[in-house]
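First up is the structure itself, then whatever we jot down about it.
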Amino acid sequence: MFKHFKDFADPYFSLTIPLDVTIAYQNAKKHNYSFFARYLHDCMKAVNKIENFRYRIIDDKIIDFGKIHTSPTLMRPDKTFGFSFVRYDENFDVFVKNLNEEQERINNSSELYPAEEYRVDCIHCSAMPWLNFSGHKEPVSGQKDSIPKLAFGKAEQNEDKMIMKVAINANHALVDGYHVSLFAEEFQNNLNHKQ
């Protein structure tokens with residue numbers, strides 16, 4: 001799979017998956033913490049558990065980074081955004097502290113890029129809580145890239161559940177549908193956990 005897809009001009013494939021965020025949303029409201037922080041942490045736990053999501057292509061070789069962080073776009077009060085780098089920690093409180101510090105940096109800056117030097121040991125992600133999308137395509141820079149890209153949609157009530165669509169764009173040289181299904185199952189299990 002790696003040899004076949006690694007030199008494609010655009011080796012990324014995309015899937016959009018509906019996830020049940022009912023428990024995660026209720027817990028965030030009950031305990032007065034950010035729903036975004038909760039589901040992003042649950043996502044990152046899943047990313048770090050699924051080996052293929054930790055792979056990156058460096059000098060035409062597959063490298064397992066072991067620990068993956070996140071680089072979400074964070075919106076400022078003036079509705080512009082900045083790219084960030086948030087260090088992942090398995091402990092939710094530490095992760096939230098890291099996220100809040102990066103949000104503060106973004107809010108007090110007009111910079112597009114994070115303070116950290118460009119790193120590949122992360123995922124790129126965007127939250128679009130005002131849109132309930134059924135498909136999503138990330139821009140392609142034209143540079144060789146192997147970082148997974150995720151987009152989180154609007155959480156909407158559907159009968160007795162809250163459903164949020166999550167778009168996943170992954171390099172097919174490293175990830176296939178089976179790995180995405182493992183990730184989705186793990187992410188859903190994390191979202192169902194009462195914190």
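Going by the structure tokens order, chains are called A, B, ..., each with residues numbered from 1, while ligands are numbered from 1 in the order shown.
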
Can you tell me, as number ranges by chain, which residues in chain A count as helix (DSSP H, G or I) by DSSP? A: 2-5, 22-31, 35-49, 51-54, 92-107, 177-192

Spatial neighbours of segment 53-55 of chain A, 10 Å, only C-alpha atoms, chain gap at least 3 places, as JSON, numbers by chain: {"A": [46, 47, 48, 49, 50, 58, 61, 62, 63, 64, 65, 66, 67, 68, 69, 120, 121, 122, 123, 146, 147, 148, 170, 171, 173, 174, 175, 179, 180, 183]}

Ser110 of chain A: which residues within 12 Å, counting only C-alpha atoms, same-chain residues fewer than 4 positions away excluded, as a CSV table (one decimal) with N, CA and C atoms, in the first residue's frame?
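Wrote out.csv, looks like this:
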chain,number,residue,atom,x,y,z
A,74,LEU,N,-7.7,27.7,15.9
A,74,LEU,CA,-8.4,28.3,17.0
A,74,LEU,C,-8.9,29.7,16.6
A,75,MET,N,-10.2,29.9,16.9
A,75,MET,CA,-10.8,31.2,16.5
A,75,MET,C,-10.5,32.2,17.6
A,76,ARG,N,-10.3,33.5,17.1
A,76,ARG,CA,-10.1,34.6,18.0
A,76,ARG,C,-11.5,35.3,18.1
A,77,PRO,N,-11.6,36.2,19.1
A,77,PRO,CA,-12.9,36.9,19.3
A,77,PRO,C,-13.3,37.7,18.1
A,78,ASP,N,-12.3,38.1,17.2
A,78,ASP,CA,-12.7,38.9,16.0
A,78,ASP,C,-13.0,38.0,14.8
A,79,LYS,N,-13.1,36.7,15.1
A,79,LYS,CA,-13.5,35.7,14.1
A,79,LYS,C,-12.4,35.4,13.1
A,80,THR,N,-11.2,35.9,13.3
A,80,THR,CA,-10.1,35.3,12.5
A,80,THR,C,-9.6,34.1,13.3
A,81,PHE,N,-8.6,33.4,12.7
A,81,PHE,CA,-8.1,32.2,13.4
A,81,PHE,C,-6.6,32.1,13.2
A,82,GLY,N,-6.1,31.3,14.1
A,82,GLY,CA,-4.6,31.0,14.0
A,82,GLY,C,-4.4,29.5,14.1
A,83,PHE,N,-3.4,29.0,13.5
A,83,PHE,CA,-3.0,27.6,13.6
A,83,PHE,C,-2.3,27.5,15.0
A,104,GLU,N,-5.0,31.3,24.5
A,104,GLU,CA,-4.6,32.6,25.0
A,104,GLU,C,-3.6,33.2,24.1
A,105,ARG,N,-2.6,32.4,23.7
A,105,ARG,CA,-1.6,32.9,22.7
A,105,ARG,C,-2.2,33.4,21.4
A,106,ILE,N,-3.1,32.6,20.9
A,106,ILE,CA,-3.8,32.9,19.6
A,106,ILE,C,-4.6,34.2,19.8
A,114,PRO,N,1.7,28.7,14.4
A,114,PRO,CA,2.0,28.5,15.9
A,114,PRO,C,3.4,29.0,16.2
A,115,ALA,N,3.6,29.2,17.5
A,115,ALA,CA,4.9,29.6,18.0
A,115,ALA,C,5.9,28.5,17.8

What does the structure give for the distance between atom CA of Val96 of chain A and atom CA of Ala37 of chain A, in Å to one decimal?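 These atoms are spaced 6.3 Å apart.
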
As a check of understanding: the span from atom CA of Met162 of chain A to atom CA of Val21 of chain A is 5.5 Å

Between atom CA of Phe8 of chain A and atom CA of Glu138 of chain A, what is the spacing in Å? 16.1 Å

Members of segment 145-186 of chain A assigned strand (DSSP E or B) by DSSP, as a PDB file with N, CA and C atoms, in the first residue's frame:
ATOM      1  N   LYS A 149      -5.800  14.872   8.695  1.00  0.00           N
ATOM      2  CA  LYS A 149      -6.520  16.136   8.862  1.00  0.00           C
ATOM      3  C   LYS A 149      -7.963  15.788   9.214  1.00  0.00           C
ATOM      4  N   LEU A 150      -8.463  16.391  10.284  1.00  0.00           N
ATOM      5  CA  LEU A 150      -9.820  16.119  10.743  1.00  0.00           C
ATOM      6  C   LEU A 150     -10.615  17.411  10.802  1.00  0.00           C
ATOM      7  N   ALA A 151     -11.915  17.293  10.607  1.00  0.00           N
ATOM      8  CA  ALA A 151     -12.828  18.427  10.767  1.00  0.00           C
ATOM      9  C   ALA A 151     -14.025  17.942  11.571  1.00  0.00           C
ATOM     10  N   PHE A 152     -14.396  18.735  12.570  1.00  0.00           N
ATOM     11  CA  PHE A 152     -15.508  18.406  13.452  1.00  0.00           C
ATOM     12  C   PHE A 152     -16.673  19.322  13.122  1.00  0.00           C
ATOM     13  N   GLY A 153     -17.840  18.740  12.858  1.00  0.00           N
ATOM     14  CA  GLY A 153     -19.010  19.520  12.489  1.00  0.00           C
ATOM     15  C   GLY A 153     -19.867  19.900  13.684  1.00  0.00           C
ATOM     16  N   LYS A 154     -21.037  20.383  13.385  1.00  0.00           N
ATOM     17  CA  LYS A 154     -22.006  20.821  14.387  1.00  0.00           C
ATOM     18  C   LYS A 154     -22.634  19.606  15.066  1.00  0.00           C
ATOM     19  N   ALA A 155     -22.719  19.636  16.391  1.00  0.00           N
ATOM     20  CA  ALA A 155     -23.423  18.586  17.138  1.00  0.00           C
ATOM     21  C   ALA A 155     -24.905  18.931  17.126  1.00  0.00           C
ATOM     22  N   GLU A 156     -25.709  18.031  16.580  1.00  0.00           N
ATOM     23  CA  GLU A 156     -27.139  18.292  16.459  1.00  0.00           C
ATOM     24  C   GLU A 156     -27.961  17.183  17.095  1.00  0.00           C
ATOM     25  N   GLN A 157     -29.072  17.590  17.665  1.00  0.00           N
ATOM     26  CA  GLN A 157     -29.996  16.645  18.281  1.00  0.00           C
ATOM     27  C   GLN A 157     -30.655  15.815  17.185  1.00  0.00           C
ATOM     28  N   ASN A 158     -30.656  14.486  17.361  1.00  0.00           N
ATOM     29  CA  ASN A 158     -31.297  13.567  16.433  1.00  0.00           C
ATOM     30  C   ASN A 158     -32.049  12.548  17.281  1.00  0.00           C
ATOM     31  N   LYS A 161     -30.449  11.471  20.722  1.00  0.00           N
ATOM     32  CA  LYS A 161     -28.984  11.511  20.662  1.00  0.00           C
ATOM     33  C   LYS A 161     -28.505  12.822  20.065  1.00  0.00           C
ATOM     34  N   MET A 162     -27.264  13.178  20.415  1.00  0.00           N
ATOM     35  CA  MET A 162     -26.585  14.286  19.745  1.00  0.00           C
ATOM     36  C   MET A 162     -25.546  13.668  18.815  1.00  0.00           C
ATOM     37  N   ILE A 163     -25.626  14.022  17.550  1.00  0.00           N
ATOM     38  CA  ILE A 163     -24.731  13.461  16.541  1.00  0.00           C
ATOM     39  C   ILE A 163     -23.830  14.573  15.997  1.00  0.00           C
ATOM     40  N   MET A 164     -22.537  14.261  15.896  1.00  0.00           N
ATOM     41  CA  MET A 164     -21.568  15.191  15.317  1.00  0.00           C
ATOM     42  C   MET A 164     -20.826  14.462  14.203  1.00  0.00           C
ATOM     43  N   LYS A 165     -20.768  15.090  13.042  1.00  0.00           N
ATOM     44  CA  LYS A 165     -20.038  14.491  11.931  1.00  0.00           C
ATOM     45  C   LYS A 165     -18.555  14.851  12.054  1.00  0.00           C
ATOM     46  N   VAL A 166     -17.720  13.871  11.790  1.00  0.00           N
ATOM     47  CA  VAL A 166     -16.273  14.058  11.830  1.00  0.00           C
ATOM     48  C   VAL A 166     -15.715  13.620  10.482  1.00  0.00           C
ATOM     49  N   ALA A 167     -15.054  14.537   9.796  1.00  0.00           N
ATOM     50  CA  ALA A 167     -14.415  14.229   8.517  1.00  0.00           C
ATOM     51  C   ALA A 167     -12.958  13.875   8.774  1.00  0.00           C
ATOM     52  N   ILE A 168     -12.516  12.827   8.103  1.00  0.00           N
ATOM     53  CA  ILE A 168     -11.138  12.363   8.250  1.00  0.00           C
ATOM     54  C   ILE A 168     -10.499  12.335   6.875  1.00  0.00           C
ATOM     55  N   ASN A 169      -9.385  13.030   6.730  1.00  0.00           N
ATOM     56  CA  ASN A 169      -8.579  13.004   5.510  1.00  0.00           C
ATOM     57  C   ASN A 169      -7.247  12.378   5.887  1.00  0.00           C
ATOM     58  N   ALA A 170      -6.925  11.259   5.258  1.00  0.00           N
ATOM     59  CA  ALA A 170      -5.700  10.539   5.624  1.00  0.00           C
ATOM     60  C   ALA A 170      -4.941  10.109   4.381  1.00  0.00           C
ATOM     61  N   ASN A 171      -3.628  10.056   4.506  1.00  0.00           N
ATOM     62  CA  ASN A 171      -2.763   9.627   3.417  1.00  0.00           C
ATOM     63  C   ASN A 171      -2.913   8.112   3.256  1.00  0.00           C
TER      64      ASN A 171
END

Which is closest to Tyr178 of chain A among A:Ser141, A:Asn52, A:Ser134, A:Asn190, if we use only C-alpha atoms? A:Asn52

Distance query Asn192 of chain A at most 9 Å, only C-alpha atoms, self and fewer than 4 positions along chain excluded, as a list in words: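 Surrounding residues, per the criterion: Asp20, Val21, Thr22, Ile23, Ala24, Phe187 and Gln188 of chain A.
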